[in-house]
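Undergrad: What follows is a structure written as structure tokens; I'll ask about it next.
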Amino acid sequence: MALIPFPHSHPQPNPNPNPNPLQIHKFPQYTYIDALRWLPHVSTFTRHILLAAYDSDTSTPSLQTLNFSPSKTAPSLTPQASITAPSRITSLKVPSSPLSPSKALIAAATFSGSVLFCSADLINGSLSSEFSVPEKGFHLGPVSAIDLNENGSECVSVGEDGRINLVNSSEGRGFRRIFDSNGLVSYSSVKWASPVEFVTGAFGFGLHWWDHRKAGGAVALFKNNWTRGNASGIVHSVDIHPSRKHTCLAGGSSGVVFAWDIRWPKQHVILSGSGISDAPPIPLVESDVWEVHYDNYTHSSKIANSSSSKILPAMICSEDGILAVIEQGEEPVELLAEPCGINSFDIDKQNPWDVVCSLEWESVAIITRP
């Protein structure tokens, strides 16, 4: 696949009169972006971004690595490497603490039902396919979501077929079936909570907590369909903060963002939602929330001094073009408002003031907070 050099970005005007405003740079890509992630740092001067792209003109899905060179006057985003994927990417993950940052492990779930494992050599600028979990017997239909554990040695996958599988990515072969609902429950998202526990999001705003050492099903369940049948009630994304592993953050249909603490499995905290009685009176978004992540940009001292029952700040992106930070009991902070959907975003774990997101109109936006 030919790589097209992207032009330099020009800083976008920001109406915020703050003396230290956001820096926002947008880069056209000429392909649809299904997902993106920051890759580990290997240099002070150059950063790397991973894209799951789809060229609609040639019907070609691909994984791409890009070099981002930050600059106050002329930041640039240039192609580094690309490989063709077997089908469109449905979920894209990079481990939070990779064993070898300069040769980053990548896991990509596909619409055709497989998971592709790749390595990105960030020093030499190459992208290589390592192995894939075959489509036969793995999932019936698309893989809805995957997640890698902290060092990337294990990958959990879920699907609308109700299957949950565990892949040992360090061995590079086979998988173990954790559970199969035989289609009675469809899973849409997944996130590791500990080396042996993970949470899955499902239809009907359902959350299921699993311990893969225990057979027979989930160890804790939550379900509360606030849309009362007016919408599908899908949990599109889940996240768990390393310091609060008992609390799950979830975002989905109708602008709903909520937190669930497994210590009180029948309770929840609504952070956002349209037409929900215990949500804030003016909803931040009214369409699907595609992705949620805890936001570590808040000063660590504030987090350390906050009550363990308070939900930590979170960032969301939505179908109606909003990228924002929400915090329990506080007014939301809008970072970006676009005339098109924001499909995916990622917060740099090493520099949490840097955020990258993909716009439905085939662009990448990079936001730097003061």
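Starting from 1 in every chain, residues are counted up; chains themselves are A, B, ... following the order of the structure tokens, and ligands are numbered from 1 as listed.
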Please give the complete set of residues from region 58-175 of chain A that DSSP, run on the backbone, assigns to strand (DSSP E or B), formatted as a PyMOL selection string.

TA: chain A and resi 60-69+76-84+89-93+103-110+115-121+126-133+143-148+154-159+163-168

Undergrad: List the spatial neighbours of region 179-194 of chain A as a list in words - criterion: any atom at most 7 Å away, only C-alpha atoms, same-chain residues fewer than 3 positions off excluded.

TA: Ser144, Ala145, Ile146, Asp147, Asn149, Val158, Gly159, Glu160, Asp161, Gly162, Arg163, Ile164, Glu197, Phe198, Val199, Thr200, Gly201, Ala202, Phe203, Gly217, Val235, His236, Ser237, Val238, Asp239, Ile240 and Lys245 of chain A

Undergrad: Neighbours of Ser318 (chain A) within 8 Å (only C-alpha atoms; same-chain residues fewer than 6 positions away dropped), as a list in words?

TA: Gly255, Val285, Ser287, Asp288, Val289, Trp290, Glu291, Gly341, Ile342 and Asn343 of chain A

Undergrad: Neighbouring residues of Gly174 (chain A) were defined as those with any atom within 9 Å, considering only C-alpha atoms; residues of the same chain fewer than 3 positions away were excluded. Please report them as a PDB file with N, CA and C atoms, in the first residue's frame.

TA:
```pdb
ATOM      1  N   VAL A 133      -4.204 -15.575  15.384  1.00  0.00           N
ATOM      2  CA  VAL A 133      -5.066 -16.651  15.864  1.00  0.00           C
ATOM      3  C   VAL A 133      -6.079 -16.917  14.766  1.00  0.00           C
ATOM      4  N   PRO A 134      -6.156 -18.136  14.267  1.00  0.00           N
ATOM      5  CA  PRO A 134      -6.977 -18.408  13.078  1.00  0.00           C
ATOM      6  C   PRO A 134      -8.451 -18.157  13.323  1.00  0.00           C
ATOM      7  N   LEU A 166      -8.926 -16.663  25.570  1.00  0.00           N
ATOM      8  CA  LEU A 166      -7.659 -16.184  26.109  1.00  0.00           C
ATOM      9  C   LEU A 166      -6.528 -16.710  25.235  1.00  0.00           C
ATOM     10  N   VAL A 167      -5.698 -15.779  24.741  1.00  0.00           N
ATOM     11  CA  VAL A 167      -4.570 -16.124  23.876  1.00  0.00           C
ATOM     12  C   VAL A 167      -3.275 -15.820  24.624  1.00  0.00           C
ATOM     13  N   ASN A 168      -2.351 -16.789  24.648  1.00  0.00           N
ATOM     14  CA  ASN A 168      -1.023 -16.552  25.218  1.00  0.00           C
ATOM     15  C   ASN A 168      -0.143 -15.995  24.111  1.00  0.00           C
ATOM     16  N   GLU A 171       3.603 -17.190  23.729  1.00  0.00           N
ATOM     17  CA  GLU A 171       3.856 -18.484  23.089  1.00  0.00           C
ATOM     18  C   GLU A 171       3.540 -18.440  21.594  1.00  0.00           C
TER      19      GLU A 171
END
```

Undergrad: Applying 9 Å and only C-alpha atoms, which residues near Ile347 (chain A) remain after dropping the ones on its own chain fewer than 6 positions away? List them as an NGL selection string.

TA: :A and (37-38 or 293-297 or 315 or 353-357)

Undergrad: Enter the distance from CA of Leu50 (chain A) to CA of Arg173 (chain A), in Å, rounded to one decimal.

TA: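 Taking CA of Leu50 (chain A) and CA of Arg173 (chain A), their separation equals 24.0 Å.
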
Undergrad: If you measure from CA of Asn67 (chain A) to CA of Ser344 (chain A), what distance in Å do you get, rounded to one decimal?

TA: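 Separation of CA of Asn67 (chain A) and CA of Ser344 (chain A): 18.5 Å.
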
Undergrad: So how far away is CA of Ala109 (chain A) from CA of Asn165 (chain A), in Å?

TA: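 Going from CA of Asn165 (chain A) over to CA of Ala109 (chain A), I get 12.3 Å.
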
Undergrad: I need the alpha helix (DSSP H) residues of region 128-318 of chain A per DSSP on the backbone, written as a ChimeraX atom specification.

TA: /A:300-305

Undergrad: Using only C-alpha atoms, find the one residue out of A:Ala220, A:Leu105, A:Cys317, A:Leu335 that sits nearest to Pro21 (chain A).

TA: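 For Pro21 (chain A), the nearest of the candidates is A:Leu335.
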
Undergrad: What's the 7 Å shell around Ala365 (chain A), counting only C-alpha atoms, without same-chain residues fewer than 4 positions away, as a list in words?

TA: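 Everything that qualifies: Ile24, His25, Lys26, Phe27, Val356, Cys357 and Ser358 of chain A.
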
Undergrad: Take the selection from the previous step and output its residues with N, CA and C atoms, as a tab-separated table (two decimals), in the first residue's frame.

TA:
```tsv
chain	number	residue	atom	x	y	z
A	24	ILE	N	-3.94	22.47	19.34
A	24	ILE	CA	-4.67	21.48	18.56
A	24	ILE	C	-4.13	21.49	17.14
A	25	HIS	N	-3.70	20.31	16.68
A	25	HIS	CA	-3.18	20.17	15.32
A	25	HIS	C	-3.94	19.04	14.63
A	26	LYS	N	-4.35	19.29	13.38
A	26	LYS	CA	-5.09	18.29	12.63
A	26	LYS	C	-4.33	17.92	11.36
A	27	PHE	N	-4.33	16.62	11.07
A	27	PHE	CA	-3.58	16.09	9.93
A	27	PHE	C	-4.50	15.22	9.08
A	356	VAL	N	-4.33	11.95	21.34
A	356	VAL	CA	-4.51	11.79	19.90
A	356	VAL	C	-5.90	11.21	19.67
A	357	CYS	N	-6.58	11.69	18.63
A	357	CYS	CA	-7.91	11.17	18.33
A	357	CYS	C	-8.13	11.12	16.82
A	358	SER	N	-9.06	10.28	16.41
A	358	SER	CA	-9.37	10.14	14.98
A	358	SER	C	-10.74	10.73	14.71
```

Undergrad: Rank A:Val42, A:Phe205, A:Leu127, A:Leu92 by their smallest atom-to-atom distance to Pro79 (chain A), using only C-alpha atoms, and report the top residue only.

TA: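 Closest to Pro79 (chain A), using only C-alpha atoms: A:Leu127.
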
Undergrad: Which residue gives the smallest distance to Ala120 (chain A) among A:Gln328, A:Ser309, A:Gln29, A:Gln80, with only C-alpha atoms counted?

TA: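 Result for the nearest residue to Ala120 (chain A): A:Gln80.
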
Undergrad: Find the residues around Leu284 (chain A) up to 9 Å (only C-alpha atoms counted), leave out those fewer than 3 positions away in its own chain, and share them as a list in words.

TA: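 Listing them by chain and then by number gives Gly255, Ser272, Gly273, Ser274, Pro280, Ile322, Ala324, Ile326, Pro332 and Glu334 of chain A.
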
Undergrad: For the residues in the current selection, export all heavy atoms as a PDB file, in the first residue's frame.

TA:
```
ATOM      1  N   GLY A 255     -25.214   8.418  25.069  1.00  0.00           N
ATOM      2  CA  GLY A 255     -24.339   9.282  25.851  1.00  0.00           C
ATOM      3  C   GLY A 255     -24.085   8.813  27.268  1.00  0.00           C
ATOM      4  O   GLY A 255     -23.593   9.586  28.102  1.00  0.00           O
ATOM      5  N   SER A 272     -22.757  10.674  32.955  1.00  0.00           N
ATOM      6  CA  SER A 272     -23.335  11.342  31.797  1.00  0.00           C
ATOM      7  C   SER A 272     -24.423  10.449  31.217  1.00  0.00           C
ATOM      8  O   SER A 272     -24.363   9.228  31.337  1.00  0.00           O
ATOM      9  CB  SER A 272     -22.257  11.612  30.739  1.00  0.00           C
ATOM     10  OG  SER A 272     -22.807  12.153  29.564  1.00  0.00           O
ATOM     11  N   GLY A 273     -25.406  11.076  30.586  1.00  0.00           N
ATOM     12  CA  GLY A 273     -26.464  10.308  29.951  1.00  0.00           C
ATOM     13  C   GLY A 273     -27.619  11.187  29.552  1.00  0.00           C
ATOM     14  O   GLY A 273     -27.918  12.185  30.213  1.00  0.00           O
ATOM     15  N   SER A 274     -28.273  10.814  28.470  1.00  0.00           N
ATOM     16  CA  SER A 274     -29.397  11.586  27.951  1.00  0.00           C
ATOM     17  C   SER A 274     -30.713  10.963  28.408  1.00  0.00           C
ATOM     18  O   SER A 274     -30.959   9.774  28.178  1.00  0.00           O
ATOM     19  CB  SER A 274     -29.337  11.619  26.419  1.00  0.00           C
ATOM     20  OG  SER A 274     -30.442  12.293  25.885  1.00  0.00           O
ATOM     21  N   PRO A 280     -26.470  14.162  35.114  1.00  0.00           N
ATOM     22  CA  PRO A 280     -26.466  15.622  35.105  1.00  0.00           C
ATOM     23  C   PRO A 280     -27.606  16.153  34.242  1.00  0.00           C
ATOM     24  O   PRO A 280     -27.961  15.553  33.221  1.00  0.00           O
ATOM     25  CB  PRO A 280     -25.094  15.969  34.504  1.00  0.00           C
ATOM     26  CG  PRO A 280     -24.234  14.796  34.836  1.00  0.00           C
ATOM     27  CD  PRO A 280     -25.140  13.615  34.787  1.00  0.00           C
ATOM     28  N   ILE A 322     -17.688  15.001  20.138  1.00  0.00           N
ATOM     29  CA  ILE A 322     -17.198  15.591  21.380  1.00  0.00           C
ATOM     30  C   ILE A 322     -16.042  14.769  21.951  1.00  0.00           C
ATOM     31  O   ILE A 322     -16.120  13.547  22.046  1.00  0.00           O
ATOM     32  CB  ILE A 322     -18.326  15.681  22.436  1.00  0.00           C
ATOM     33  CG1 ILE A 322     -19.478  16.538  21.916  1.00  0.00           C
ATOM     34  CG2 ILE A 322     -17.792  16.233  23.756  1.00  0.00           C
ATOM     35  CD1 ILE A 322     -19.120  17.970  21.641  1.00  0.00           C
ATOM     36  N   ALA A 324     -14.058  15.111  25.530  1.00  0.00           N
ATOM     37  CA  ALA A 324     -14.212  15.888  26.757  1.00  0.00           C
ATOM     38  C   ALA A 324     -13.757  15.092  27.967  1.00  0.00           C
ATOM     39  O   ALA A 324     -13.660  13.860  27.935  1.00  0.00           O
ATOM     40  CB  ALA A 324     -15.665  16.324  26.930  1.00  0.00           C
ATOM     41  N   ILE A 326     -14.760  14.348  31.910  1.00  0.00           N
ATOM     42  CA  ILE A 326     -15.850  14.434  32.879  1.00  0.00           C
ATOM     43  C   ILE A 326     -15.342  13.978  34.234  1.00  0.00           C
ATOM     44  O   ILE A 326     -14.481  13.094  34.333  1.00  0.00           O
ATOM     45  CB  ILE A 326     -17.066  13.593  32.443  1.00  0.00           C
ATOM     46  CG1 ILE A 326     -16.672  12.130  32.196  1.00  0.00           C
ATOM     47  CG2 ILE A 326     -17.711  14.175  31.205  1.00  0.00           C
ATOM     48  CD1 ILE A 326     -17.852  11.240  31.837  1.00  0.00           C
ATOM     49  N   PRO A 332     -18.141  19.381  33.051  1.00  0.00           N
ATOM     50  CA  PRO A 332     -17.264  18.741  32.060  1.00  0.00           C
ATOM     51  C   PRO A 332     -16.385  19.768  31.361  1.00  0.00           C
ATOM     52  O   PRO A 332     -16.756  20.937  31.225  1.00  0.00           O
ATOM     53  CB  PRO A 332     -18.237  18.083  31.090  1.00  0.00           C
ATOM     54  CG  PRO A 332     -19.526  18.821  31.252  1.00  0.00           C
ATOM     55  CD  PRO A 332     -19.567  19.272  32.679  1.00  0.00           C
ATOM     56  N   GLU A 334     -14.689  20.481  27.829  1.00  0.00           N
ATOM     57  CA  GLU A 334     -14.719  20.100  26.423  1.00  0.00           C
ATOM     58  C   GLU A 334     -13.375  20.432  25.769  1.00  0.00           C
ATOM     59  O   GLU A 334     -12.947  21.584  25.776  1.00  0.00           O
ATOM     60  CB  GLU A 334     -15.853  20.839  25.720  1.00  0.00           C
ATOM     61  CG  GLU A 334     -16.203  20.315  24.350  1.00  0.00           C
ATOM     62  CD  GLU A 334     -17.426  21.021  23.794  1.00  0.00           C
ATOM     63  OE1 GLU A 334     -18.552  20.600  24.127  1.00  0.00           O
ATOM     64  OE2 GLU A 334     -17.239  21.996  23.054  1.00  0.00           O
TER      65      GLU A 334
END
```
